[in-house]
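A.B. asks: Data: input22.txt, compact mmCIF, C-alpha atoms and all ligand atoms.
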```txt
# COMPACT_ATOMS: atom_id res chain seq x y z
CA MET W 1 -48.17 29.58 14.32
CA THR W 2 -45.86 27.16 16.17
CA GLU W 3 -42.27 27.27 15.13
CA VAL W 4 -40.63 23.98 14.12
CA GLN W 5 -37.93 23.17 16.66
CA PRO W 6 -34.58 22.58 15.02
CA GLY W 7 -33.81 18.89 15.13
CA ALA W 8 -37.30 17.95 16.26
CA ASP W 9 -37.35 15.14 13.73
CA ALA W 10 -33.96 13.55 14.46
CA LEU W 11 -34.36 9.94 15.59
CA SER W 12 -32.87 8.85 18.92
CA TRP W 13 -29.80 6.63 19.00
CA SER W 14 -31.91 3.60 19.92
CA GLU W 15 -34.34 4.28 17.07
CA LEU W 16 -31.36 4.51 14.72
CA ASP W 17 -29.89 1.32 16.18
CA ALA W 18 -33.04 -0.52 15.21
CA LEU W 19 -32.62 0.52 11.56
CA ALA W 20 -28.93 -0.42 11.21
CA ALA W 21 -27.71 -3.49 9.34
CA PRO W 22 -26.36 -6.31 11.51
CA ALA W 23 -22.55 -6.26 11.67
CA ALA W 24 -21.10 -7.93 8.56
CA GLU W 25 -19.40 -11.33 8.84
CA ARG W 26 -15.71 -10.48 8.62
CA ILE W 27 -14.00 -13.86 8.74
CA GLU W 28 -16.06 -15.93 6.31
CA GLY W 29 -18.05 -13.19 4.54
CA PRO W 30 -16.98 -11.31 1.42
CA ALA W 31 -13.60 -9.53 1.31
CA ASN W 32 -13.64 -6.59 3.70
CA SER W 33 -11.14 -4.19 5.18
CA GLN W 34 -12.17 -4.73 8.81
CA ALA W 35 -11.17 -8.40 9.09
CA THR W 36 -8.06 -9.50 10.98
CA LEU W 37 -8.63 -13.16 10.10
CA ARG W 38 -9.84 -14.79 6.88
CA LEU W 39 -10.53 -18.51 6.74
CA PHE W 40 -12.40 -19.44 3.53
CA GLY W 41 -13.98 -22.39 5.34
CA GLN W 42 -10.68 -23.80 6.60
CA PRO W 43 -9.62 -24.36 10.23
CA GLU W 44 -7.67 -21.60 11.95
CA ASP W 45 -4.77 -23.93 12.73
CA SER W 46 -4.22 -24.41 8.98
CA ILE W 47 -3.09 -20.79 8.58
CA ARG W 48 0.37 -20.34 7.08
CA VAL W 49 0.18 -16.66 6.14
CA THR W 50 0.12 -13.30 7.96
CA LEU W 51 -0.29 -10.16 5.85
CA PHE W 52 0.98 -6.88 7.27
CA ARG W 53 -0.92 -4.08 5.59
CA ASP W 54 -1.82 -0.50 6.44
CA HIS W 55 -4.70 0.41 8.77
CA HIS W 56 -6.54 2.59 6.28
CA ALA W 57 -6.17 0.36 3.19
CA TRP W 58 -4.44 3.24 1.40
CA CYS W 59 -1.28 1.36 0.37
CA PRO W 60 -1.55 0.22 -3.28
CA TYR W 61 1.10 -2.50 -2.98
CA CYS W 62 -0.79 -3.97 -0.02
CA GLN W 63 -3.97 -4.02 -2.09
CA LYS W 64 -2.21 -6.12 -4.75
CA VAL W 65 -1.25 -8.83 -2.23
CA TRP W 66 -4.59 -8.56 -0.44
CA LEU W 67 -6.45 -9.17 -3.74
CA TRP W 68 -4.22 -12.15 -4.54
CA LEU W 69 -4.94 -13.83 -1.19
CA GLU W 70 -8.67 -13.17 -1.52
CA PHE W 71 -8.99 -14.42 -5.09
CA ARG W 72 -6.82 -17.47 -4.33
CA ARG W 73 -8.82 -18.04 -1.09
CA ILE W 74 -5.78 -18.65 1.10
CA PRO W 75 -6.55 -18.45 4.85
CA TYR W 76 -4.56 -15.65 6.46
CA ARG W 77 -4.25 -13.30 9.38
CA ILE W 78 -4.01 -9.53 8.99
CA ARG W 79 -1.91 -7.26 11.16
CA LYS W 80 -2.45 -3.59 10.51
CA VAL W 81 0.37 -1.05 10.52
CA THR W 82 0.40 2.75 10.40
CA MET W 83 1.79 4.55 7.34
CA ARG W 84 4.09 7.45 8.12
CA CYS W 85 1.80 9.91 6.39
CA TYR W 86 -0.91 9.41 9.03
CA GLY W 87 0.89 8.49 12.22
CA PRO W 88 3.89 6.93 13.93
CA LYS W 89 5.00 3.46 12.86
CA GLU W 90 4.39 0.73 15.45
CA PRO W 91 7.70 -0.26 17.12
CA TRP W 92 6.79 -3.97 16.94
CA PHE W 93 6.67 -3.59 13.14
CA THR W 94 9.98 -1.76 12.74
CA ALA W 95 11.55 -4.45 14.94
CA LEU W 96 10.36 -6.91 12.28
CA VAL W 97 10.89 -4.73 9.17
CA PRO W 98 13.43 -1.97 9.96
CA SER W 99 12.51 0.08 6.84
CA GLY W 100 8.89 0.12 8.02
CA MET W 101 7.78 -0.56 4.44
CA LEU W 102 4.51 -2.24 3.60
CA PRO W 103 3.37 -4.74 2.60
CA ALA W 104 5.18 -7.52 4.42
CA LEU W 105 4.11 -11.11 4.66
CA GLU W 106 4.99 -14.01 6.89
CA LEU W 107 4.77 -17.38 5.17
CA ASP W 108 5.50 -20.49 7.23
CA GLY W 109 7.38 -18.26 9.69
CA ARG W 110 9.53 -16.60 6.98
CA LEU W 111 9.23 -12.85 6.54
CA ILE W 112 9.06 -11.49 2.98
CA THR W 113 8.93 -7.86 1.84
CA GLU W 114 8.44 -6.27 -1.60
CA SER W 115 5.04 -7.01 -3.10
CA ASP W 116 6.40 -8.80 -6.19
CA ARG W 117 8.65 -11.08 -4.10
CA ILE W 118 5.63 -11.76 -1.90
CA LEU W 119 3.48 -12.80 -4.86
CA GLU W 120 6.25 -15.02 -6.21
CA ALA W 121 6.60 -16.74 -2.83
CA LEU W 122 2.83 -17.19 -2.56
CA GLU W 123 2.74 -18.69 -6.06
CA ARG W 124 5.47 -21.17 -5.13
CA SER W 125 3.55 -22.30 -2.06
CA PHE W 126 -0.04 -22.24 -3.29
CA GLY W 127 0.07 -22.08 -7.10
CA PRO W 128 -0.63 -19.01 -9.24
CA VAL W 129 -3.80 -17.01 -9.82
CA GLY W 130 -4.06 -17.36 -13.59
CA ALA W 131 -0.79 -17.13 -15.53
CA PRO W 132 2.15 -16.80 -13.09
CA MET W 133 4.35 -13.79 -12.38
CA ALA W 134 7.31 -15.26 -14.35
CA ASP W 135 5.27 -16.02 -17.48
CA ARG W 136 6.77 -14.07 -20.37
CA ARG W 137 3.40 -12.52 -21.29
CA VAL W 138 2.72 -11.54 -17.67
CA ARG W 139 6.19 -10.00 -17.41
CA ARG W 140 5.42 -7.84 -20.44
CA LEU W 141 2.19 -6.71 -18.84
CA ARG W 142 3.95 -5.99 -15.56
CA ASP W 143 6.42 -3.79 -17.46
CA LEU W 144 3.50 -2.03 -19.11
CA GLU W 145 1.97 -1.36 -15.69
CA ARG W 146 5.20 0.32 -14.57
CA LEU W 147 5.21 2.44 -17.76
CA LEU W 148 1.65 3.53 -17.06
CA PHE W 149 2.57 4.25 -13.45
CA ARG W 150 5.48 6.45 -14.53
CA ALA W 151 3.43 8.38 -17.09
CA TRP W 152 0.79 8.96 -14.42
CA CYS W 153 3.35 10.16 -11.86
CA ILE W 154 4.87 12.61 -14.33
CA TRP W 155 1.48 14.08 -15.18
CA LEU W 156 0.08 14.16 -11.65
CA CYS W 157 3.12 14.87 -9.50
CA THR W 158 5.22 17.36 -11.49
CA PRO W 159 4.61 20.84 -10.08
CA GLY W 160 4.23 23.90 -12.28
CA LEU W 161 3.40 22.26 -15.63
CA GLY W 162 2.42 24.87 -18.22
CA GLU W 163 -0.46 24.32 -20.62
CA ARG W 164 1.75 22.68 -23.28
CA GLN W 165 3.49 20.43 -20.77
CA GLU W 166 0.16 19.39 -19.28
CA ARG W 167 -0.94 18.38 -22.77
CA GLN W 168 2.28 16.45 -23.42
CA ALA W 169 2.06 14.63 -20.11
CA ARG W 170 -1.57 13.76 -20.78
CA ASP W 171 -0.75 12.53 -24.32
CA GLN W 172 2.06 10.37 -22.99
CA PHE W 173 -0.24 8.90 -20.34
CA GLN W 174 -2.93 8.20 -22.93
CA ARG W 175 -0.46 6.51 -25.28
CA VAL W 176 0.41 4.00 -22.55
CA ALA W 177 -3.23 3.65 -21.48
CA GLN W 178 -4.01 2.73 -25.11
CA GLN W 179 -1.44 -0.06 -24.89
CA MET W 180 -3.29 -1.43 -21.90
CA GLU W 181 -6.51 -1.20 -23.93
CA GLN W 182 -4.84 -3.01 -26.83
CA ALA W 183 -3.79 -5.81 -24.46
CA LEU W 184 -7.36 -6.12 -23.21
CA ILE W 185 -8.87 -6.05 -26.70
CA SER W 186 -6.42 -8.57 -28.15
CA GLY W 187 -7.10 -10.95 -25.23
CA GLY W 188 -10.73 -11.00 -26.35
CA GLY W 189 -12.22 -11.40 -22.85
CA SER W 190 -12.73 -9.39 -19.68
CA TRP W 191 -9.21 -9.79 -18.28
CA LEU W 192 -5.56 -9.19 -19.03
CA ASP W 193 -4.74 -12.68 -17.75
CA PRO W 194 -3.32 -14.36 -20.88
CA ASP W 195 -4.33 -17.87 -19.80
CA ALA W 196 -8.01 -17.19 -19.11
CA PRO W 197 -9.04 -13.78 -20.43
CA ASP W 198 -12.68 -14.85 -20.15
CA GLY W 199 -12.38 -16.76 -16.87
CA PRO W 200 -14.59 -16.04 -13.85
CA ILE W 201 -11.87 -14.17 -11.97
CA PRO W 202 -8.96 -11.95 -13.00
CA GLY W 203 -5.40 -13.29 -13.09
CA THR W 204 -2.22 -11.94 -11.50
CA ALA W 205 -1.61 -9.80 -14.60
CA ASP W 206 -4.86 -8.00 -13.74
CA LEU W 207 -4.18 -7.80 -10.01
CA VAL W 208 -0.95 -5.97 -10.72
CA PHE W 209 -2.83 -3.22 -12.57
CA ILE W 210 -5.80 -2.81 -10.23
CA PRO W 211 -4.41 -0.64 -7.40
CA TYR W 212 -2.93 2.07 -9.56
CA VAL W 213 -5.62 2.12 -12.27
CA GLU W 214 -8.11 2.68 -9.43
CA ARG W 215 -5.91 5.55 -8.18
CA MET W 216 -5.39 6.94 -11.70
CA ASN W 217 -9.13 7.02 -12.33
CA ALA W 218 -9.66 8.97 -9.10
CA SER W 219 -6.71 11.34 -9.11
CA LEU W 220 -6.81 12.30 -12.79
CA ALA W 221 -10.44 13.31 -12.39
CA TYR W 222 -9.86 15.29 -9.24
CA PHE W 223 -6.59 17.00 -10.21
CA LYS W 224 -6.81 17.12 -14.02
CA GLY W 225 -10.52 16.93 -14.89
CA PHE W 226 -9.72 13.82 -16.93
CA ALA W 227 -12.37 11.10 -17.23
CA LEU W 228 -10.27 7.96 -17.65
CA ARG W 229 -13.26 5.67 -18.06
CA GLU W 230 -14.78 7.81 -20.79
CA GLU W 231 -11.49 8.33 -22.63
CA HIS W 232 -10.53 4.65 -22.51
CA PRO W 233 -13.60 2.43 -23.00
CA ALA W 234 -11.69 -0.88 -22.79
CA ILE W 235 -10.35 0.15 -19.37
CA ASP W 236 -13.88 1.14 -18.39
CA ARG W 237 -15.16 -2.34 -19.36
CA TRP W 238 -12.33 -3.94 -17.38
CA LEU W 239 -13.12 -1.86 -14.28
CA THR W 240 -16.81 -2.64 -14.68
CA ALA W 241 -16.06 -6.37 -14.87
CA LEU W 242 -14.01 -6.06 -11.67
CA GLU W 243 -16.79 -4.11 -9.97
CA HIS W 244 -19.12 -7.04 -10.57
CA LEU W 245 -16.92 -9.12 -8.29
CA GLU W 246 -17.62 -8.94 -4.56
CA THR W 247 -13.97 -9.74 -3.85
CA TYR W 248 -12.74 -6.67 -5.69
CA ARG W 249 -15.48 -4.48 -4.21
CA GLY W 250 -14.32 -5.41 -0.70
CA THR W 251 -10.93 -3.80 -1.39
CA GLN W 252 -12.14 -0.98 -3.65
CA SER W 253 -11.71 2.64 -2.64
CA ASP W 254 -13.40 5.70 -4.12
CA VAL W 255 -12.49 9.00 -5.76
CA HIS W 256 -12.92 11.05 -2.56
CA THR W 257 -10.67 8.79 -0.51
CA HIS W 258 -7.89 8.66 -3.12
CA ALA W 259 -8.09 12.38 -3.90
CA HIS W 260 -7.10 13.02 -0.30
CA ASP W 261 -4.88 10.02 0.52
CA LEU W 262 -2.59 10.37 -2.49
CA PRO W 263 -1.02 13.85 -2.05
CA PRO W 264 0.90 12.97 1.14
CA GLN W 265 1.87 9.56 -0.24
CA MET W 266 3.04 10.89 -3.61
CA GLY W 267 4.76 14.01 -2.28
CA GLY W 268 2.16 16.26 -3.93
CA CYS W 269 -0.48 16.05 -6.66
CA TRP W 270 -1.00 19.14 -8.79
CA ALA W 271 -4.31 20.44 -10.11
CA ASP W 272 -4.38 21.94 -13.62
CA GLY W 273 -7.10 24.42 -12.64
CA SER W 274 -9.20 23.75 -15.76
CA GLN W 275 -12.97 24.14 -15.62
CA ALA W 276 -13.47 20.38 -15.85
CA GLN W 277 -11.02 19.88 -13.00
CA GLN W 278 -12.71 22.42 -10.78
CA ARG W 279 -16.13 20.94 -11.49
CA MET W 280 -15.01 17.40 -10.70
CA ALA W 281 -13.09 18.37 -7.57
CA LEU W 282 -16.11 20.27 -6.28
CA ALA W 283 -18.44 17.32 -6.96
CA VAL W 284 -16.07 15.02 -5.08
CA ASP W 285 -15.46 17.33 -2.13
CA SER W 286 -19.11 18.21 -1.67
CA GLY W 287 -19.85 14.51 -1.32
CA ALA W 288 -21.89 14.22 -4.51
CA GLY W 289 -19.26 11.99 -6.13
CA LEU W 290 -18.69 11.35 -9.83
CA ASN W 291 -21.30 9.07 -11.35
CA GLU W 292 -19.41 8.75 -14.60
CA LEU W 293 -16.27 7.44 -12.92
CA GLU W 294 -17.45 5.52 -9.92
CA ARG W 295 -19.34 2.29 -9.62
CA ARG W 296 -23.05 2.80 -10.03
CA TRP W 297 -25.69 0.74 -8.38
CA SER W 298 -29.23 0.59 -9.52
CA SER W 299 -31.71 -1.43 -7.50
CA SER W 300 -33.55 0.24 -4.67
CA SER W 301 -32.87 -2.76 -2.37
CA GLU W 302 -29.12 -2.12 -2.82
CA MET W 303 -29.74 1.52 -1.85
CA VAL W 304 -31.56 0.47 1.29
CA SER W 305 -28.86 -1.96 2.35
CA ALA W 306 -26.13 0.59 1.58
CA LYS W 307 -27.85 3.03 3.95
CA ALA W 308 -28.29 0.39 6.66
CA ARG W 309 -24.59 -0.48 6.35
CA ALA W 310 -23.51 3.17 6.58
CA LEU W 311 -25.65 3.51 9.67
CA GLU W 312 -24.18 0.40 11.29
CA ARG W 313 -20.63 1.61 10.67
CA VAL W 314 -21.29 5.05 12.16
CA LEU W 315 -23.13 3.67 15.18
CA ARG W 316 -20.28 1.29 15.91
CA HIS W 317 -17.92 4.26 16.32
CA ARG W 318 -20.45 6.78 17.58
CA SER W 319 -18.76 7.71 20.86
CA ILE W 320 -15.32 8.19 19.32
CA LEU W 321 -16.77 10.14 16.37
CA LEU W 322 -18.35 12.53 18.85
CA ALA W 323 -15.19 12.77 20.95
CA ARG W 324 -13.03 13.51 17.87
CA ASN W 325 -15.41 16.03 16.31
CA PRO W 326 -14.64 19.74 16.79
CA LEU W 327 -18.14 20.17 18.29
CA GLY W 328 -17.64 17.32 20.78
CA ASP W 329 -20.84 16.25 22.53
CA ARG W 330 -22.72 19.05 20.76
CA PHE W 331 -22.30 16.98 17.60
CA ASP W 332 -24.79 14.43 18.97
CA GLN W 333 -27.96 15.97 17.54
CA PRO W 334 -26.45 17.08 14.20
CA LEU W 335 -25.07 13.59 13.61
CA ARG W 336 -28.45 12.02 14.43
CA ALA W 337 -30.08 14.56 12.12
CA ALA W 338 -27.85 13.57 9.19
CA LEU W 339 -28.32 9.85 9.84
CA THR W 340 -32.07 10.29 10.13
CA ALA W 341 -32.12 12.25 6.89
CA MET W 342 -30.25 9.38 5.25
CA VAL W 343 -32.47 6.54 6.45
CA LEU W 344 -35.82 8.34 6.15
CA ASP W 345 -34.88 10.15 2.95
CA GLN W 346 -36.14 13.52 4.20
CA PRO W 347 -34.39 16.67 5.43
CA VAL W 348 -33.84 16.99 9.18
CA THR W 349 -32.70 20.31 10.60
CA PRO W 350 -29.48 20.16 12.62
CA GLU W 351 -28.82 22.41 15.62
CA THR W 352 -27.51 25.85 14.75
CA GLY W 353 -23.76 26.14 14.32
CA SER W 354 -23.19 22.54 13.25
CA ALA W 355 -22.47 22.92 9.51
CA SER W 356 -18.72 22.84 9.86
CA ALA W 357 -18.80 19.84 12.20
CA LEU W 358 -20.99 17.86 9.78
CA ARG W 359 -18.61 18.67 6.93
CA TYR W 360 -15.66 17.69 9.12
CA LEU W 361 -17.03 14.14 9.24
CA ARG W 362 -18.07 14.21 5.55
CA ASP W 363 -14.43 14.90 4.61
CA ARG W 364 -13.07 11.99 6.65
CA ILE W 365 -15.07 8.98 5.55
CA SER W 366 -12.56 6.62 4.02
CA VAL W 367 -13.47 3.78 1.64
CA PRO W 368 -13.17 0.80 2.10
CA ARG W 369 -11.76 1.35 5.61
CA ASP W 370 -15.02 2.67 7.06
CA MET W 371 -17.69 1.35 4.72
CA PRO W 372 -18.27 0.37 1.08
CA LEU W 373 -18.25 2.97 -1.67
CA GLU W 374 -22.02 3.23 -2.11
CA SER W 375 -22.62 3.61 1.64
CA ALA W 376 -19.99 6.34 1.86
CA ARG W 377 -21.55 8.26 -1.01
CA LEU W 378 -24.99 8.19 0.57
CA LEU W 379 -23.64 9.23 3.95
CA ARG W 380 -21.44 12.04 2.60
CA LYS W 381 -24.42 13.38 0.63
CA CYS W 382 -26.60 13.43 3.74
CA LEU W 383 -23.92 15.03 5.88
CA GLU W 384 -23.62 17.76 3.24
CA SER W 385 -27.36 18.28 2.72
CA THR W 386 -27.89 18.44 6.49
CA ALA W 387 -24.98 20.86 6.89
CA ALA W 388 -26.42 23.05 4.12
CA LEU W 389 -29.60 23.50 6.19
CA ASP W 390 -27.44 25.19 8.82
CA GLY W 391 -25.16 27.25 6.61
CA ASP W 392 -22.01 27.34 4.52
CA GLN W 393 -19.35 27.15 7.24
CA HIS W 394 -16.56 24.78 6.28
CA PRO W 395 -13.85 23.21 8.41
CA ASP W 396 -10.19 23.75 7.49
CA ALA W 397 -9.22 22.08 4.21
CA LEU W 398 -7.70 18.63 4.58
CA PRO W 399 -3.91 18.78 4.89
CA LEU W 400 -1.86 17.90 1.80
CA GLU W 401 1.51 17.03 3.28
CA HIS W 402 0.34 14.55 5.90
CA ARG W 403 -2.90 13.10 7.25
CA PHE W 404 -2.20 13.11 10.96
CA ASP W 405 -5.89 13.93 11.38
CA GLN W 406 -6.33 10.26 10.42
CA ASP W 407 -4.13 8.80 13.15
CA PRO W 408 -5.82 5.44 13.79
CA ARG W 409 -4.85 5.17 17.46
CA PRO W 410 -7.93 6.78 19.05
CA PHE W 411 -10.11 4.31 17.14
CA LEU W 412 -8.00 1.28 18.06
CA THR W 413 -8.44 1.82 21.77
CA HIS W 414 -12.13 1.22 21.11
CA HIS W 415 -12.49 -1.43 18.41
CA SER W 416 -11.74 -1.21 14.72
N1 LIG W 501 8.47 -1.78 -3.97
C1 LIG W 501 7.67 -1.89 -2.77
C2 LIG W 501 6.99 -0.57 -2.52
C3 LIG W 501 6.25 -0.55 -1.21
C4 LIG W 501 5.90 0.84 -0.78
O1 LIG W 501 6.24 1.84 -1.44
N2 LIG W 501 5.22 0.92 0.35
C5 LIG W 501 4.87 2.20 0.96
C6 LIG W 501 3.37 2.35 1.06
S1 LIG W 501 2.56 2.33 -0.50
C7 LIG W 501 5.36 2.24 2.39
O2 LIG W 501 5.27 1.28 3.11
N3 LIG W 501 5.87 3.39 2.83
C8 LIG W 501 6.20 3.62 4.23
C9 LIG W 501 5.06 4.28 4.95
O3 LIG W 501 4.24 4.90 4.28
O4 LIG W 501 4.97 4.17 6.16
C10 LIG W 501 6.68 -3.04 -2.94
O5 LIG W 501 6.33 -3.35 -4.09
O6 LIG W 501 6.26 -3.63 -1.93
```
Could you show the structure in this file as structure tokens?
Ligand SMILES: N[C@@H](CCC(=O)N[C@@H](CS)C(=O)NCC(=O)O)C(=O)O
C.D. replies:
Amino acid sequence: MTEVQPGADALSWSELDALAAPAAERIEGPANSQATLRLFGQPEDSIRVTLFRDHHAWCPYCQKVWLWLEFRRIPYRIRKVTMRCYGPKEPWFTALVPSGMLPALELDGRLITESDRILEALERSFGPVGAPMADRRVRRLRDLERLLFRAWCIWLCTPGLGERQERQARDQFQRVAQQMEQALISGGGSWLDPDAPDGPIPGTADLVFIPYVERMNASLAYFKGFALREEHPAIDRWLTALEHLETYRGTQSDVHTHAHDLPPQMGGCWADGSQAQQRMALAVDSGAGLNELERRWSSSSEMVSAKARALERVLRHRSILLARNPLGDRFDQPLRAALTAMVLDQPVTPETGSASALRYLRDRISVPRDMPLESARLLRKCLESTAALDGDQHPDALPLEHRFDQDPRPFLTHHS
């Protein structure tokens, strides 16, 4: 009997190349985190705006401004800046903004910081997205968003909560979440925007809520075993309506990314250790994801294009992914094995001793920085299933106090 050679079925790089999606159109295509220029059909010399946002698309306040520009279709440039939690701040940026805080925006040559001031300035120049920031009803909703944010922080970021305190913090969070639901229900449409609750796009009142509700959904599942979308159906409907919009999807992150980008940004997120929490955290970390909390997609053609996109994104960075991997060049075959398994939908045996290296990459796929949510889920699953054929070796757990493992510089010397 002939023995099957490990990795005998892994496709070559050129065979994989042939199966990858063409690179996506960044400038005129749908919202995406790779673009450094967005034109919406207008000439480049008409640009009045530069947005300074973080490389990894982890900063929630940047996402708010980013969404506004995309929904309002204002041509803009993007300059990406490092957050302290994953690397050193660029000196050219601190020369411009000494605090180093993001987002910042240049409008007609004038520099503005603080996301709310930025939105107000944009509204003055280009007109609002739905009801404006200063509208009394929008102000009330903005206050509600801050209340929800505070209740979330107390629950997620207070160390050492006992069982009773966990329950109190959860109840307080849910009381405020119910107020958001009430606002949605009384508006009678999909959105919080008081002027057009059933309009085709959300208003500023919605944009203000999006970044943190996305992060609440992810972090409360991972650290508290709490299913926000099941507990609060009106919020679920609102998120689902957003997920139908390509513009939102281009900025949307996923549970895995937030579960590991938030702890260093928030100064710690604390797990309650319940069974539900452990189950959800395991599903997220293994790469399986959480169907009940993350956008689902149904058609098989969407599956195929999600795979082809994941493949394109990995191939683009292939040499640097190999150079950064603990296995170095010996990661070549295992990576091809996982990619082949993904595109052909069949197991491919990786070379012996590669499990930990495959999981190292699985743990570091960031959405939307690297690829869309559905592509990341398919790729993480295949990295895990391919690793499992080799064994149960795991790399070190991701750090909680910083993410210097995500320093963007090595990738920038190639192309982002
Ligand atoms: N109130 C500010 C908050 C901005 C903020 O907290 N930005 C964080 C990132 S989310 C920041 O730039 N921190 C410095 C760093 O991480 O490098 C706003 O609304 O713009």
A.B. asks: Give one line per residue of stretch 193-312 of chain W that approaches stretch 383-386 of chain W to at most 10 Å, naming the two atoms of the closest pair and their distance in Å to one decimal, counting all atoms listed in the file; sort by chain then ascending residue number and deliver it as a tab-separated table.
C.D. replies:
```
residue	atom	partner	partner_atom	distance
W:Asp285	CA	W:Glu384	CA	9.8
W:Ser286	CA	W:Glu384	CA	6.7
W:Gly287	CA	W:Glu384	CA	6.8
W:Ala288	CA	W:Glu384	CA	8.7
```
A.B. asks: Go through chain W residue by residue and, counting all atoms listed in the file, keep those with an atom at most 6 Å from ligand LIG 501 (chain W); for each kept residue give the shortest atom pair and its distance in Å to one decimal, ordered by chain and increasing number, as CSV.
C.D. replies:
```
residue,atom,partner,partner_atom,distance
W:Cys59,CA,W:LIG501,S1,4.1
W:Pro60,CA,W:LIG501,S1,5.4
W:Tyr61,CA,W:LIG501,O6,5.4
W:Met83,CA,W:LIG501,O4,3.4
W:Arg84,CA,W:LIG501,O4,3.9
W:Cys85,CA,W:LIG501,O3,6.0
W:Gly100,CA,W:LIG501,C8,5.8
W:Met101,CA,W:LIG501,O2,3.4
W:Leu102,CA,W:LIG501,O2,3.6
W:Pro103,CA,W:LIG501,O6,5.5
W:Glu114,CA,W:LIG501,O6,3.4
W:Ser115,CA,W:LIG501,O6,3.8
W:Asp116,CA,W:LIG501,O5,5.8
```
A.B. asks: Using all atoms listed in the file, tabulate the residues of stretch 350-406 of chain W lying at most 7 Å from any atom of stretch 324-333 of chain W, each with its closest atom pair and that distance in Å to one decimal, by chain and increasing residue number, as a Markdown table.
C.D. replies:
```
| residue | atom | partner | partner_atom | distance |
| --- | --- | --- | --- | --- |
| W:Pro350 | CA | W:Gln333 | CA | 6.6 |
| W:Glu351 | CA | W:Gln333 | CA | 6.8 |
| W:Ala357 | CA | W:Leu327 | CA | 6.1 |
```
A.B. asks: Okay, now the selection with C-alpha atoms, as an mmCIF file, keeping the file's coordinate frame?
C.D. replies:
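What ended up in out_23.cif:
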```cif
data_model
loop_
_atom_site.group_PDB
_atom_site.id
_atom_site.type_symbol
_atom_site.label_atom_id
_atom_site.label_comp_id
_atom_site.auth_asym_id
_atom_site.auth_seq_id
_atom_site.Cartn_x
_atom_site.Cartn_y
_atom_site.Cartn_z
ATOM 1 C CA PRO W 350 -29.480 20.160 12.620
ATOM 2 C CA GLU W 351 -28.820 22.410 15.620
ATOM 3 C CA ALA W 357 -18.800 19.840 12.200
#
```
A.B. asks: So, with only C-alpha atoms as the atoms that count, which of W:Arg249, W:Arg164, W:Arg409, W:Arg139 lies closest to W:Phe71?
C.D. replies: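 Ranking W:Arg249, W:Arg164, W:Arg409, W:Arg139 by distance to W:Phe71, first place goes to W:Arg249.
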A.B. asks: Would you be able to write out as an MDAnalysis selection string which residues have an atom within 9 Å of (-5.9, -12.7, -14.2) in the file's coordinates, counting all atoms listed in the file?
C.D. replies: chainID W and resid 129:131 191:197 199 201:207
